[in-house]
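Report on the structure given below.
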Amino acid sequence: MSVFTEETRERAREIIARYPADRSRSALLPLLHLVQSEEGYVSPAGVEFCAEVLGLNKAQVGAVATFYTMYKRKPTGDYLVSVCTNTMCNVLGGQEVYDTLAEHLGVGHDETTADGKITLEHAECLAACDYGPVMTVNYDFFDNVDPQGALGVVEELRAGGRPMPTRGARLCTLKEMAVQLAGFADERDGAVADGGPGEPTLRGLRLAEQHGISVPGFDPNTPIRSKAEADKAAAEAKAKAEAAKPAPAPEPAKPAAATGSTAPDVKAPDDKSPQVRTAETRQPDARTAVPDAPGTKVPTDGTPPAPRDAQAAEAAGVAANPPAGDGKPAGDEAGAQQRNLKEAEAGAGANGAGPAVASETGVQK
Ligand code: FES
């Protein structure tokens, strides 16, 4: 017997009905959240359920479910605590927050405490770098956390409390959050809260104002239309575009079937030389100066770079990226970049000198 009730099936039908009939597979993402709201993770039964209601096979559903980190493949705690350990948060102390929680809870990445309350994970940029270091609990933010503050939050959760995040409503469980992610309103009292953007988020806007920078044609008072109004406007625009469409041109005469081939027409090949195409890509507008790599000069008229420039650039690249034989990534040698830059510049300055030659210690002339 399926673990999913008739109520879940009804919700699944509601989700699918939001999409055009011939695009029902687009409902897969919210459906995965729906099954996760029932079991706390996307179980094999959840994969089977999604496949059945969408007419997909289990491999297709599994491919999507394993791609996104928000779909959990094993039972997850009531509260998913994600600590950002990416660059910005890390330099501000994110790793310390993560390590403190891991030690206190006795779990590592993607592990759950024995009481089933907390799952800990480290995350790669939670898109709130301006509030770093940040952690989220079931995707609600705690900004500017420190180890003690983070410990306070998890202890309150383990004691049955539901602390307030820095922004948004009081925390809910992961299953309750999955219902919202599937596209259904959370009916709890105070489940939805709003707040204005914080000062760090507005900092860029304030600087732009101070310096008189604005986006042409942007009206900050543009009203946000309701869905019905937006649908009506879209239908009108579509009808207008249809009416303005020119009558279809007569079919061009087909070439004589000399070979009897039924292959479709193939676009004529681009007859530009690779050098011209590269130059156009790098310098689409000849009035705009594009800086070249140090020590090289890329012509703007479509001709290939001088052999000396090409060789100098290649030699500089080789010198900065010695073959990795010691398990380190190529180019990991300390100071290689600075040396490369300095030597390439010296090469560019030596007018008429021969091409630079790579050696084990860098570039020599
Ligand atoms: S680096 Fe932590 S939110 Fe971006």
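In the structure tokens, the first chain shown is A, the next is B, and so on; residue numbers restart at 1 for each chain, and ligands run from 1 in the order shown.
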
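Those residues that approach range 124-141 of chain A to within 6 Å, counting only C-alpha atoms, are Tyr79, Leu80, Val81, Ser82, Val83, Cys84, Asn86, Cys89, Leu92, Gly94, Pro165, Thr166, Leu174 and Pro200 of chain A; same-chain residues fewer than 5 positions away are not listed.
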
Run DSSP on the backbone of this structure and report the residues of range 135-247 of chain A it assigns to strand (DSSP E), as an mmCIF file with C-alpha atoms, in the first residue's frame.
data_model
loop_
_atom_site.group_PDB
_atom_site.id
_atom_site.type_symbol
_atom_site.label_atom_id
_atom_site.label_comp_id
_atom_site.auth_asym_id
_atom_site.auth_seq_id
_atom_site.Cartn_x
_atom_site.Cartn_y
_atom_site.Cartn_z
ATOM 1 C CA MET A 135 23.341 30.045 8.744
ATOM 2 C CA THR A 136 19.845 28.944 7.851
ATOM 3 C CA VAL A 137 17.423 26.660 9.667
ATOM 4 C CA ASP A 140 15.245 30.762 7.175
ATOM 5 C CA PHE A 141 18.174 33.067 7.873
ATOM 6 C CA PHE A 142 20.207 33.812 10.957
#

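Atom pair atom 4 (Fe, counted along the ligand's line) of ligand 1 / CA of Arg206 in chain A has a distance of 20.9 Å (rounded to one decimal).
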
- Quick one: distance from CA of Ala17 in chain A to CA of Pro75 in chain A in Å, one decimal?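 The value is 29.1 Å.
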
Who sits within 12 Å of Leu28 in chain A, only C-alpha atoms, same chain under 2 positions skipped, as a count of residues only: 37

- request: Would you mind telling me which residue in A:Glu111, A:Glu39, A:Asp143, A:Glu14 lies nearest to ligand 1 when using only C-alpha atoms and all ligand atoms?
  value: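 Of all the options, A:Asp143 lies closest to ligand 1.
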
CA of Lys117 in chain A to CA of Ala178 in chain A measures 16.2 Å

**Request:** Determine the nearest neighbour of ligand 1 from the options A:Thr85, A:Gln36, A:Gln311, A:Gln180, counting only C-alpha atoms and all ligand atoms.
**Result:**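 Nearest to ligand 1: A:Thr85.
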
Taking only C-alpha atoms and all ligand atoms into account, which of A:Val145, A:Pro197, A:Met88, A:Lys245 comes nearest ligand 1?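 Going through A:Val145, A:Pro197, A:Met88, A:Lys245 one by one, the smallest distance to ligand 1 is for A:Met88.
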
message = I'd like the contact shell of Gly152 in chain A - 12 Å cut-off, only C-alpha atoms, skipping same-chain residues fewer than 2 positions apart - returned as a PyMOL selection string.
response = chain A and resi 97+100-101+104+142+145-150+154-159+161-164

Output N, CA, C and O atoms for every residue in the selection just made, as a PDB file, in the first residue's frame.
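Writing the result to result-v6.pdb gives the following:
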ATOM      1  N   VAL A  97      31.873  28.633  13.159  1.00  0.00           N
ATOM      2  CA  VAL A  97      30.485  28.344  13.549  1.00  0.00           C
ATOM      3  C   VAL A  97      30.172  26.882  13.247  1.00  0.00           C
ATOM      4  O   VAL A  97      29.643  26.140  14.094  1.00  0.00           O
ATOM      5  N   THR A 100      32.069  24.472  15.595  1.00  0.00           N
ATOM      6  CA  THR A 100      31.515  24.496  16.955  1.00  0.00           C
ATOM      7  C   THR A 100      30.235  23.669  17.028  1.00  0.00           C
ATOM      8  O   THR A 100      30.036  22.867  17.954  1.00  0.00           O
ATOM      9  N   LEU A 101      29.366  23.835  16.030  1.00  0.00           N
ATOM     10  CA  LEU A 101      28.106  23.074  16.022  1.00  0.00           C
ATOM     11  C   LEU A 101      28.385  21.576  15.855  1.00  0.00           C
ATOM     12  O   LEU A 101      27.770  20.739  16.523  1.00  0.00           O
ATOM     13  N   HIS A 104      29.656  20.212  19.133  1.00  0.00           N
ATOM     14  CA  HIS A 104      28.618  20.214  20.170  1.00  0.00           C
ATOM     15  C   HIS A 104      27.550  19.152  19.904  1.00  0.00           C
ATOM     16  O   HIS A 104      27.101  18.466  20.824  1.00  0.00           O
ATOM     17  N   PHE A 142      19.638  33.201   9.759  1.00  0.00           N
ATOM     18  CA  PHE A 142      20.207  33.812  10.957  1.00  0.00           C
ATOM     19  C   PHE A 142      21.460  34.535  10.470  1.00  0.00           C
ATOM     20  O   PHE A 142      22.413  33.905  10.003  1.00  0.00           O
ATOM     21  N   VAL A 145      25.961  35.393  12.389  1.00  0.00           N
ATOM     22  CA  VAL A 145      26.018  34.478  13.544  1.00  0.00           C
ATOM     23  C   VAL A 145      27.443  34.333  14.054  1.00  0.00           C
ATOM     24  O   VAL A 145      28.423  34.478  13.306  1.00  0.00           O
ATOM     25  N   ASP A 146      27.550  34.014  15.321  1.00  0.00           N
ATOM     26  CA  ASP A 146      28.843  33.625  15.888  1.00  0.00           C
ATOM     27  C   ASP A 146      28.617  32.268  16.560  1.00  0.00           C
ATOM     28  O   ASP A 146      27.475  31.798  16.681  1.00  0.00           O
ATOM     29  N   PRO A 147      29.684  31.599  16.974  1.00  0.00           N
ATOM     30  CA  PRO A 147      29.513  30.244  17.520  1.00  0.00           C
ATOM     31  C   PRO A 147      28.517  30.187  18.676  1.00  0.00           C
ATOM     32  O   PRO A 147      27.665  29.298  18.723  1.00  0.00           O
ATOM     33  N   GLN A 148      28.568  31.149  19.593  1.00  0.00           N
ATOM     34  CA  GLN A 148      27.664  31.107  20.747  1.00  0.00           C
ATOM     35  C   GLN A 148      26.211  31.289  20.326  1.00  0.00           C
ATOM     36  O   GLN A 148      25.317  30.594  20.814  1.00  0.00           O
ATOM     37  N   GLY A 149      25.986  32.211  19.406  1.00  0.00           N
ATOM     38  CA  GLY A 149      24.628  32.449  18.923  1.00  0.00           C
ATOM     39  C   GLY A 149      24.065  31.205  18.235  1.00  0.00           C
ATOM     40  O   GLY A 149      22.898  30.837  18.431  1.00  0.00           O
ATOM     41  N   ALA A 150      24.908  30.549  17.428  1.00  0.00           N
ATOM     42  CA  ALA A 150      24.457  29.346  16.720  1.00  0.00           C
ATOM     43  C   ALA A 150      24.131  28.231  17.714  1.00  0.00           C
ATOM     44  O   ALA A 150      23.130  27.516  17.558  1.00  0.00           O
ATOM     45  N   VAL A 154      20.416  26.131  18.206  1.00  0.00           N
ATOM     46  CA  VAL A 154      20.176  24.672  18.146  1.00  0.00           C
ATOM     47  C   VAL A 154      19.704  24.141  19.496  1.00  0.00           C
ATOM     48  O   VAL A 154      18.876  23.212  19.556  1.00  0.00           O
ATOM     49  N   GLU A 155      20.169  24.726  20.583  1.00  0.00           N
ATOM     50  CA  GLU A 155      19.709  24.253  21.896  1.00  0.00           C
ATOM     51  C   GLU A 155      18.239  24.574  22.105  1.00  0.00           C
ATOM     52  O   GLU A 155      17.489  23.767  22.653  1.00  0.00           O
ATOM     53  N   GLU A 156      17.823  25.739  21.652  1.00  0.00           N
ATOM     54  CA  GLU A 156      16.403  26.093  21.776  1.00  0.00           C
ATOM     55  C   GLU A 156      15.543  25.143  20.939  1.00  0.00           C
ATOM     56  O   GLU A 156      14.469  24.713  21.366  1.00  0.00           O
ATOM     57  N   LEU A 157      16.054  24.796  19.750  1.00  0.00           N
ATOM     58  CA  LEU A 157      15.314  23.863  18.896  1.00  0.00           C
ATOM     59  C   LEU A 157      15.199  22.492  19.557  1.00  0.00           C
ATOM     60  O   LEU A 157      14.150  21.848  19.537  1.00  0.00           O
ATOM     61  N   ARG A 158      16.275  22.035  20.162  1.00  0.00           N
ATOM     62  CA  ARG A 158      16.259  20.702  20.792  1.00  0.00           C
ATOM     63  C   ARG A 158      15.343  20.692  22.009  1.00  0.00           C
ATOM     64  O   ARG A 158      14.797  19.655  22.377  1.00  0.00           O
ATOM     65  N   ALA A 159      15.172  21.869  22.603  1.00  0.00           N
ATOM     66  CA  ALA A 159      14.293  21.955  23.784  1.00  0.00           C
ATOM     67  C   ALA A 159      12.833  22.148  23.376  1.00  0.00           C
ATOM     68  O   ALA A 159      11.962  22.316  24.225  1.00  0.00           O
ATOM     69  N   GLY A 161      11.668  24.624  21.331  1.00  0.00           N
ATOM     70  CA  GLY A 161      11.330  26.004  20.975  1.00  0.00           C
ATOM     71  C   GLY A 161      11.402  26.223  19.472  1.00  0.00           C
ATOM     72  O   GLY A 161      11.899  25.382  18.728  1.00  0.00           O
ATOM     73  N   ARG A 162      10.852  27.321  19.063  1.00  0.00           N
ATOM     74  CA  ARG A 162      10.928  27.694  17.639  1.00  0.00           C
ATOM     75  C   ARG A 162      11.421  29.131  17.558  1.00  0.00           C
ATOM     76  O   ARG A 162      10.621  30.067  17.463  1.00  0.00           O
ATOM     77  N   PRO A 163      12.747  29.318  17.618  1.00  0.00           N
ATOM     78  CA  PRO A 163      13.275  30.679  17.652  1.00  0.00           C
ATOM     79  C   PRO A 163      12.918  31.482  16.399  1.00  0.00           C
ATOM     80  O   PRO A 163      12.606  30.913  15.349  1.00  0.00           O
ATOM     81  N   MET A 164      12.969  32.781  16.547  1.00  0.00           N
ATOM     82  CA  MET A 164      12.713  33.669  15.405  1.00  0.00           C
ATOM     83  C   MET A 164      13.998  33.830  14.605  1.00  0.00           C
ATOM     84  O   MET A 164      15.046  34.143  15.172  1.00  0.00           O
TER      85      MET A 164
END

Counting only C-alpha atoms and all ligand atoms, the residue among A:Ala123, A:Ala208, A:Ala230, A:Cys172 that lies closest to ligand 1 is A:Ala123

**Asked** Which one of A:Ile213, A:Ala312, A:Ala241, A:Val91 sits closest to ligand 1 if you count only C-alpha atoms and all ligand atoms?
**Response**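 Among the listed residues, A:Val91 lies closest to ligand 1.
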
When DSSP works through the backbone of this structure, what residues of range 98-214 of chain A end up as alpha helix (DSSP H), shown as a compact mmCIF listing (two decimals) with C-alpha atoms, in the first residue's frame?
# COMPACT_ATOMS: atom_id res chain seq x y z
CA TYR A 98 30.25 25.06 11.65
CA ASP A 99 33.05 23.39 13.66
CA THR A 100 31.51 24.50 16.96
CA LEU A 101 28.11 23.07 16.02
CA ALA A 102 29.63 19.84 14.70
CA GLU A 103 31.54 19.28 17.92
CA HIS A 104 28.62 20.21 20.17
CA LEU A 105 26.07 18.09 18.30
CA PRO A 147 29.51 30.24 17.52
CA GLN A 148 27.66 31.11 20.75
CA GLY A 149 24.63 32.45 18.92
CA ALA A 150 24.46 29.35 16.72
CA LEU A 151 24.68 27.07 19.79
CA GLY A 152 21.82 29.01 21.39
CA VAL A 153 19.61 28.44 18.34
CA VAL A 154 20.18 24.67 18.15
CA GLU A 155 19.71 24.25 21.90
CA GLU A 156 16.40 26.09 21.78
CA LEU A 157 15.31 23.86 18.90
CA ARG A 158 16.26 20.70 20.79
CA LEU A 174 11.46 20.82 7.48
CA LYS A 175 8.27 18.94 6.55
CA GLU A 176 6.18 22.09 7.04
CA MET A 177 8.67 24.07 4.97
CA ALA A 178 8.46 21.44 2.20
CA VAL A 179 4.69 22.06 1.97
CA GLN A 180 5.39 25.73 1.33
CA LEU A 181 8.09 24.90 -1.22
CA GLU A 199 20.91 48.14 5.49
CA PRO A 200 23.69 45.89 4.05
CA THR A 201 21.41 44.97 1.13
CA LEU A 202 20.55 48.61 0.49
CA ARG A 203 24.16 49.79 0.64
CA GLY A 204 24.70 49.49 -3.13
CA LEU A 205 21.50 51.39 -3.83
CA ARG A 206 22.52 54.20 -1.48
CA LEU A 207 25.94 54.49 -3.12
CA ALA A 208 24.30 54.60 -6.55
CA GLU A 209 22.02 57.40 -5.35
CA GLN A 210 24.94 59.33 -3.86
